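See below for entry37.cif, which holds mmCIF, C-alpha atoms and all ligand atoms.
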data_query
loop_
_atom_site.group_PDB
_atom_site.id
_atom_site.type_symbol
_atom_site.label_atom_id
_atom_site.label_comp_id
_atom_site.auth_asym_id
_atom_site.auth_seq_id
_atom_site.Cartn_x
_atom_site.Cartn_y
_atom_site.Cartn_z
ATOM 1 C CA MET A 128 91.657 120.953 108.237
ATOM 2 C CA SER A 129 94.672 120.303 110.404
ATOM 3 C CA THR A 130 94.403 117.532 112.953
ATOM 4 C CA PRO A 131 97.080 117.536 115.632
ATOM 5 C CA SER A 132 98.205 113.993 115.990
ATOM 6 C CA VAL A 133 100.730 111.854 117.775
ATOM 7 C CA GLU A 134 103.529 113.706 119.549
ATOM 8 C CA PRO A 135 107.002 112.321 118.905
ATOM 9 C CA THR A 136 109.009 110.536 121.525
ATOM 10 C CA PRO A 137 111.365 113.271 122.770
ATOM 11 C CA SER A 138 114.883 112.445 121.660
ATOM 12 C CA GLY A 139 116.864 110.830 124.410
ATOM 13 C CA ALA A 140 113.691 110.315 126.430
ATOM 14 C CA ALA A 141 113.459 107.193 128.554
ATOM 15 C CA ALA A 142 109.908 106.375 127.540
ATOM 16 C CA PRO A 143 109.126 105.049 124.055
ATOM 17 C CA ALA A 144 105.689 105.637 122.517
ATOM 18 C CA ARG A 145 103.058 103.286 123.958
ATOM 19 C CA VAL A 146 101.419 101.143 121.279
ATOM 20 C CA VAL A 147 98.362 98.885 121.624
ATOM 21 C CA VAL A 148 97.953 96.387 118.753
ATOM 22 C CA LEU A 149 94.604 94.762 117.866
ATOM 23 C CA VAL A 150 94.584 91.455 115.956
ATOM 24 C CA SER A 151 92.138 88.782 114.764
ATOM 25 C CA GLY A 152 94.384 86.051 113.403
ATOM 26 C CA SER A 153 97.904 84.825 112.871
ATOM 27 C CA GLY A 154 99.560 88.080 113.886
ATOM 28 C CA THR A 155 102.616 88.095 111.628
ATOM 29 C CA ASN A 156 102.395 91.886 111.395
ATOM 30 C CA LEU A 157 102.210 92.023 115.186
ATOM 31 C CA GLN A 158 105.276 89.769 115.348
ATOM 32 C CA ALA A 159 107.220 92.175 113.138
ATOM 33 C CA LEU A 160 106.344 95.019 115.513
ATOM 34 C CA LEU A 161 107.259 92.957 118.578
ATOM 35 C CA ASP A 162 110.645 92.121 117.025
ATOM 36 C CA ALA A 163 111.362 95.712 115.992
ATOM 37 C CA SER A 164 110.390 97.138 119.361
ATOM 38 C CA ALA A 165 112.925 94.918 121.133
ATOM 39 C CA ASP A 166 115.455 97.554 120.049
ATOM 40 C CA PRO A 167 115.105 100.620 122.320
ATOM 41 C CA ALA A 168 116.126 102.840 119.382
ATOM 42 C CA TYR A 169 112.892 101.852 117.615
ATOM 43 C CA GLY A 170 111.018 104.372 119.762
ATOM 44 C CA ALA A 171 107.827 102.369 120.322
ATOM 45 C CA ARG A 172 106.855 99.691 122.814
ATOM 46 C CA ILE A 173 103.930 97.256 122.470
ATOM 47 C CA VAL A 174 102.172 97.668 125.816
ATOM 48 C CA ALA A 175 99.173 95.407 125.083
ATOM 49 C CA VAL A 176 97.597 93.222 122.415
ATOM 50 C CA GLY A 177 93.828 92.935 122.083
ATOM 51 C CA ALA A 178 91.659 90.643 119.979
ATOM 52 C CA ASP A 179 88.025 90.092 119.049
ATOM 53 C CA ARG A 180 88.378 86.318 119.452
ATOM 54 C CA ASP A 181 90.114 83.744 121.659
ATOM 55 C CA GLU A 182 92.787 81.205 120.908
ATOM 56 C CA ILE A 183 94.465 82.861 117.981
ATOM 57 C CA GLU A 184 98.153 82.808 117.183
ATOM 58 C CA GLY A 185 98.304 86.598 117.503
ATOM 59 C CA LEU A 186 97.508 86.340 121.235
ATOM 60 C CA ALA A 187 100.014 83.500 121.667
ATOM 61 C CA ARG A 188 102.713 85.679 120.090
ATOM 62 C CA ALA A 189 101.993 88.400 122.654
ATOM 63 C CA ASP A 190 102.090 85.857 125.494
ATOM 64 C CA ARG A 191 105.494 84.637 124.362
ATOM 65 C CA HIS A 192 106.755 88.232 124.608
ATOM 66 C CA ASN A 193 105.134 88.735 128.027
ATOM 67 C CA VAL A 194 102.881 91.440 126.591
ATOM 68 C CA PRO A 195 99.470 91.731 128.329
ATOM 69 C CA THR A 196 96.484 90.624 126.244
ATOM 70 C CA PHE A 197 92.736 91.102 126.331
ATOM 71 C CA VAL A 198 89.775 89.791 124.337
ATOM 72 C CA ALA A 199 86.518 91.610 123.577
ATOM 73 C CA ARG A 200 84.164 89.344 121.602
ATOM 74 C CA LEU A 201 81.289 91.033 119.825
ATOM 75 C CA LYS A 202 78.930 88.165 120.674
ATOM 76 C CA ASP A 203 79.423 88.776 124.419
ATOM 77 C CA PHE A 204 77.785 92.214 124.207
ATOM 78 C CA SER A 205 74.181 93.268 123.769
ATOM 79 C CA SER A 206 74.947 95.631 120.904
ATOM 80 C CA ARG A 207 77.757 96.740 118.638
ATOM 81 C CA ASP A 208 77.912 100.051 120.530
ATOM 82 C CA ALA A 209 78.345 98.205 123.841
ATOM 83 C CA TRP A 210 81.177 96.155 122.332
ATOM 84 C CA ASP A 211 82.790 99.293 120.940
ATOM 85 C CA HIS A 212 82.582 100.990 124.359
ATOM 86 C CA ALA A 213 84.133 97.983 126.118
ATOM 87 C CA LEU A 214 86.892 97.661 123.516
ATOM 88 C CA ALA A 215 87.717 101.358 123.907
ATOM 89 C CA ASP A 216 87.852 100.963 127.706
ATOM 90 C CA ARG A 217 90.219 97.991 127.442
ATOM 91 C CA VAL A 218 92.525 99.878 125.086
ATOM 92 C CA ALA A 219 92.376 103.105 127.128
ATOM 93 C CA ALA A 220 93.531 101.253 130.240
ATOM 94 C CA PHE A 221 96.948 100.950 128.577
ATOM 95 C CA GLU A 222 97.159 104.703 127.806
ATOM 96 C CA PRO A 223 98.303 104.289 124.209
ATOM 97 C CA ASP A 224 99.980 106.965 122.113
ATOM 98 C CA LEU A 225 99.106 104.895 119.044
ATOM 99 C CA VAL A 226 96.663 102.040 118.329
ATOM 100 C CA VAL A 227 97.624 99.713 115.462
ATOM 101 C CA LEU A 228 94.993 97.507 113.821
ATOM 102 C CA ALA A 229 97.118 94.684 112.391
ATOM 103 C CA GLY A 230 94.750 92.207 110.797
ATOM 104 C CA PHE A 231 91.876 93.254 113.091
ATOM 105 C CA MET A 232 88.870 92.092 111.080
ATOM 106 C CA LYS A 233 86.196 94.264 112.745
ATOM 107 C CA LEU A 234 85.318 97.885 112.152
ATOM 108 C CA VAL A 235 85.862 99.943 115.280
ATOM 109 C CA GLY A 236 82.886 102.163 116.078
ATOM 110 C CA PRO A 237 82.226 105.878 116.601
ATOM 111 C CA GLU A 238 83.077 105.935 120.311
ATOM 112 C CA PHE A 239 86.388 104.165 119.746
ATOM 113 C CA LEU A 240 87.317 106.604 116.982
ATOM 114 C CA GLU A 241 86.342 109.621 119.062
ATOM 115 C CA ARG A 242 88.358 108.502 122.089
ATOM 116 C CA PHE A 243 91.502 107.776 120.067
ATOM 117 C CA GLU A 244 91.008 110.381 117.363
ATOM 118 C CA GLY A 245 93.932 110.524 114.953
ATOM 119 C CA LYS A 246 95.814 107.826 116.865
ATOM 120 C CA VAL A 247 94.431 104.685 115.211
ATOM 121 C CA VAL A 248 96.166 103.234 112.153
ATOM 122 C CA ASN A 249 95.216 100.194 110.113
ATOM 123 C CA THR A 250 97.094 98.140 107.570
ATOM 124 C CA HIS A 251 95.159 96.881 104.553
ATOM 125 C CA PRO A 252 96.414 94.378 101.936
ATOM 126 C CA ALA A 253 95.605 96.486 98.839
ATOM 127 C CA LEU A 254 96.430 99.893 97.406
ATOM 128 C CA CYS A 255 93.683 102.121 98.811
ATOM 129 C CA PRO A 256 91.295 103.408 97.646
ATOM 130 C CA SER A 257 91.132 100.226 95.539
ATOM 131 C CA PHE A 258 89.754 96.970 96.958
ATOM 132 C CA PRO A 259 88.590 97.906 100.477
ATOM 133 C CA GLY A 260 87.118 95.329 102.841
ATOM 134 C CA VAL A 261 87.976 91.845 103.983
ATOM 135 C CA ASN A 262 89.176 90.343 100.667
ATOM 136 C CA GLY A 263 91.686 92.856 99.291
ATOM 137 C CA PRO A 264 94.062 90.365 97.625
ATOM 138 C CA GLY A 265 91.266 88.232 96.110
ATOM 139 C CA ASP A 266 89.391 91.283 94.823
ATOM 140 C CA ALA A 267 92.568 92.686 93.223
ATOM 141 C CA LEU A 268 93.261 89.337 91.566
ATOM 142 C CA ALA A 269 89.693 89.012 90.273
ATOM 143 C CA TYR A 270 89.849 92.519 88.794
ATOM 144 C CA GLY A 271 93.028 91.629 86.920
ATOM 145 C CA VAL A 272 95.317 94.403 88.169
ATOM 146 C CA LYS A 273 99.041 93.998 87.470
ATOM 147 C CA VAL A 274 100.207 95.591 90.713
ATOM 148 C CA THR A 275 98.659 95.692 94.149
ATOM 149 C CA GLY A 276 100.207 96.080 97.593
ATOM 150 C CA ALA A 277 99.433 97.298 101.077
ATOM 151 C CA THR A 278 98.360 100.582 102.642
ATOM 152 C CA LEU A 279 98.880 101.970 106.122
ATOM 153 C CA PHE A 280 96.272 104.607 106.917
ATOM 154 C CA VAL A 281 94.818 106.607 109.786
ATOM 155 C CA VAL A 282 91.406 105.133 110.534
ATOM 156 C CA ASP A 283 88.294 107.236 109.924
ATOM 157 C CA ALA A 284 84.610 106.298 109.927
ATOM 158 C CA GLY A 285 84.737 104.646 106.491
ATOM 159 C CA VAL A 286 85.969 101.243 105.370
ATOM 160 C CA ASP A 287 89.672 101.612 104.501
ATOM 161 C CA THR A 288 89.145 105.268 103.539
ATOM 162 C CA GLY A 289 91.351 107.177 105.998
ATOM 163 C CA PRO A 290 94.363 109.430 105.276
ATOM 164 C CA ILE A 291 97.235 107.387 103.868
ATOM 165 C CA VAL A 292 100.490 107.128 105.828
ATOM 166 C CA ALA A 293 102.354 104.794 103.456
ATOM 167 C CA GLN A 294 101.869 102.346 100.610
ATOM 168 C CA THR A 295 103.992 99.548 99.216
ATOM 169 C CA VAL A 296 103.608 98.019 95.749
ATOM 170 C CA VAL A 297 103.654 94.295 94.946
ATOM 171 C CA PRO A 298 103.459 92.900 91.374
ATOM 172 C CA VAL A 299 100.743 90.342 90.589
ATOM 173 C CA GLU A 300 102.183 87.180 89.015
ATOM 174 C CA ASP A 301 100.360 85.243 86.268
ATOM 175 C CA ASP A 302 100.088 82.108 88.410
ATOM 176 C CA ASP A 303 99.006 83.846 91.638
ATOM 177 C CA ASP A 304 96.029 82.669 93.609
ATOM 178 C CA ALA A 305 94.637 84.880 96.379
ATOM 179 C CA SER A 306 96.577 83.091 99.079
ATOM 180 C CA ALA A 307 99.978 83.265 97.323
ATOM 181 C CA LEU A 308 99.404 86.912 96.454
ATOM 182 C CA HIS A 309 98.393 87.758 100.031
ATOM 183 C CA GLU A 310 101.488 86.059 101.448
ATOM 184 C CA ARG A 311 103.739 88.099 99.113
ATOM 185 C CA ILE A 312 101.859 91.285 100.033
ATOM 186 C CA LYS A 313 102.381 90.500 103.718
ATOM 187 C CA VAL A 314 106.166 90.352 103.295
ATOM 188 C CA ALA A 315 106.139 93.939 101.966
ATOM 189 C CA GLU A 316 103.369 94.971 104.369
ATOM 190 C CA ARG A 317 105.334 93.977 107.477
ATOM 191 C CA ARG A 318 108.323 96.056 106.349
ATOM 192 C CA MET A 319 106.067 99.052 105.634
ATOM 193 C CA LEU A 320 104.322 98.720 108.978
ATOM 194 C CA VAL A 321 107.519 98.477 111.007
ATOM 195 C CA ASP A 322 109.203 101.378 109.178
ATOM 196 C CA ASN A 323 106.234 103.698 109.519
ATOM 197 C CA VAL A 324 105.078 102.904 113.047
ATOM 198 C CA GLY A 325 108.662 103.564 114.128
ATOM 199 C CA ARG A 326 108.710 106.904 112.347
ATOM 200 C CA MET A 327 105.333 107.870 113.787
ATOM 201 C CA ALA A 328 106.642 107.110 117.251
ATOM 202 C CA ARG A 329 109.984 108.840 116.856
ATOM 203 C CA GLU A 330 108.960 111.856 114.770
ATOM 204 C CA GLY A 331 105.240 112.333 115.369
ATOM 205 C CA PHE A 332 102.912 113.107 112.468
ATOM 206 C CA ARG A 333 100.259 115.568 111.336
ATOM 207 C CA ILE A 334 97.314 115.365 108.971
ATOM 208 C CA THR A 335 96.433 118.340 106.783
ATOM 209 C CA ASP A 336 93.801 118.030 104.029
ATOM 210 C CA ARG A 337 94.178 114.212 104.138
ATOM 211 C CA LYS A 338 97.971 114.471 103.702
ATOM 212 C CA VAL A 339 99.880 112.671 106.426
ATOM 213 C CA ARG A 340 103.317 114.112 107.121
ATOM 214 C CA PHE A 341 105.906 113.068 109.635
ATOM 215 C CA GLY A 342 107.271 115.598 112.113
ATOM 216 C CA LEU A 343 105.462 118.399 113.871
HETATM 217 C C1 LIG B 401 97.179 91.496 106.843
HETATM 218 O O1 LIG B 401 97.499 91.308 105.486
HETATM 219 C C2 LIG B 401 96.276 92.693 107.007
HETATM 220 O O2 LIG B 401 96.529 93.711 106.096
HETATM 221 C C3 LIG B 401 94.937 92.073 106.742
HETATM 222 O O3 LIG B 401 94.972 90.867 107.435
HETATM 223 C C4 LIG B 401 96.308 90.361 107.378
HETATM 224 C C5 LIG B 401 96.707 89.938 108.769
HETATM 225 O O4 LIG B 401 97.869 89.171 108.726
HETATM 226 N N1 LIG B 401 93.865 92.938 107.172
HETATM 227 C C6 LIG B 401 92.762 93.104 106.470
HETATM 228 O O5 LIG B 401 92.492 92.500 105.460
HETATM 229 C C7 LIG B 401 91.815 94.129 107.051
HETATM 230 N N2 LIG B 401 90.870 94.556 106.071
HETATM 231 P P1 LIG B 401 98.607 88.780 110.082
HETATM 232 O O6 LIG B 401 97.522 88.318 111.066
HETATM 233 O O7 LIG B 401 99.548 87.685 109.697
HETATM 234 O O8 LIG B 401 99.318 90.013 110.562
#

Go ahead and render the structure in this file as structure tokens.
Amino acid sequence: MSTPSVEPTPSGAAAPARVVVLVSGSGTNLQALLDASADPAYGARIVAVGADRDEIEGLARADRHNVPTFVARLKDFSSRDAWDHALADRVAAFEPDLVVLAGFMKLVGPEFLERFEGKVVNTHPALCPSFPGVNGPGDALAYGVKVTGATLFVVDAGVDTGPIVAQTVVPVEDDDDASALHERIKVAERRMLVDNVGRMAREGFRITDRKVRFGL
């Protein structure tokens, strides 16, 4: 199956790709994208930052860059579907070319995925398909793997199962705990995220039989 995906920013065009980033916490991956997108040659601009909770550092980072923010809290809605619908509406208002989940600790629902089909990417702190879910570094450590890392993938209906855009490998050290390992993963993860979101914006990408390729 071939899924047409994000169109590249035409070379020399005035308008960079419009990116909405969703966060749930400290937002260091968001910060890396904000810093990269300060250079017009990067090809992508963060037009909004959304969150599923208030008063997080990720939202403060957006504020400091004068990027509009919004919050959609699951507990404010009568059902998960209603939350998903509202979140999709908030994101759609910013007309994104790409939606980046950067430490967004909720699963987006069917309506969200349908409305932004093939345009939603997520970064996960493990080498997919290993160690999906909310505790990637801790699960990798408990299993005893010698290398782990981070994965950027196009979101589908599963948990960390979508077509893989990029992966980066990080060795596990003998004295690692989950927190130290996660922090080292995040250093590599931020580089991977910035490099690949930029390429997606500048070159576009296509998905054929789960294989993600840059260019059209
Ligand atoms: C990142 O490591 C990201 O991969 C992870 O949360 C961290 C957010 O860090 N996401 C998940 O575990 C999702 N399953 P940040 O808030 O400093 O960017």

Once 6 Å is added on each side, what centre and edge lengths in Å to one decimal does the axis-aligned box around all listed atoms of ligand LIG 401 (chain B) have, as JSON?
{"center_x": 95.2, "center_y": 91.1, "center_z": 108.3, "size_x": 20.7, "size_y": 18.9, "size_z": 17.6}

Next item on the list: Compute the set of protein, DNA and RNA residues whose minimum atom distance to ligand LIG 401 (chain B) is at most 10 Å, using all atoms listed in the file, and state it as a ChimeraX atom specification.
Entry: /A:149-160,183-185,228-234,249-253,258-264,276-279,286-287,309-317,320

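The space between CA of Gly271 in chain A and CA of Leu254 in chain A spans 13.8 Å.
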
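For the pair CA of Gly177 in chain A and CA of Arg145 in chain A, the interatomic distance is 14.0 Å.
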
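Taking CA of Met327 in chain A and CA of Ala171 in chain A as the two end points, the separation is 8.9 Å.
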
Expected selection from the PyMOL selection byres (((chain A and resi 326) around 10) and not hetatm), given as a CSV table (one decimal) with C-alpha atoms, keeping the file's coordinate frame:
chain,number,residue,atom,x,y,z
A,135,PRO,CA,107.0,112.3,118.9
A,136,THR,CA,109.0,110.5,121.5
A,169,TYR,CA,112.9,101.9,117.6
A,170,GLY,CA,111.0,104.4,119.8
A,171,ALA,CA,107.8,102.4,120.3
A,320,LEU,CA,104.3,98.7,109.0
A,321,VAL,CA,107.5,98.5,111.0
A,322,ASP,CA,109.2,101.4,109.2
A,323,ASN,CA,106.2,103.7,109.5
A,324,VAL,CA,105.1,102.9,113.0
A,325,GLY,CA,108.7,103.6,114.1
A,327,MET,CA,105.3,107.9,113.8
A,328,ALA,CA,106.6,107.1,117.3
A,329,ARG,CA,110.0,108.8,116.9
A,330,GLU,CA,109.0,111.9,114.8
A,331,GLY,CA,105.2,112.3,115.4
A,332,PHE,CA,102.9,113.1,112.5
A,341,PHE,CA,105.9,113.1,109.6
A,342,GLY,CA,107.3,115.6,112.1

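The neighbours of Asp203 in chain A here are the residues that come within 12 Å of it, using all atoms listed in the file and leaving out any residue fewer than 5 positions away in the same chain; they are A:Asp179, A:Arg180, A:Val198, A:Ala209, A:Trp210, A:Asp211, A:Ala213, A:Leu214.
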
Using C-alpha atoms, can you write the selected residues to a file as a PDB file, in the frame of the given file?
ATOM      1  CA  ASP A 179      88.025  90.092 119.049  1.00  0.00           C
ATOM      2  CA  ARG A 180      88.378  86.318 119.452  1.00  0.00           C
ATOM      3  CA  VAL A 198      89.775  89.791 124.337  1.00  0.00           C
ATOM      4  CA  ALA A 209      78.345  98.205 123.841  1.00  0.00           C
ATOM      5  CA  TRP A 210      81.177  96.155 122.332  1.00  0.00           C
ATOM      6  CA  ASP A 211      82.790  99.293 120.940  1.00  0.00           C
ATOM      7  CA  ALA A 213      84.133  97.983 126.118  1.00  0.00           C
ATOM      8  CA  LEU A 214      86.892  97.661 123.516  1.00  0.00           C
TER       9      LEU A 214
END
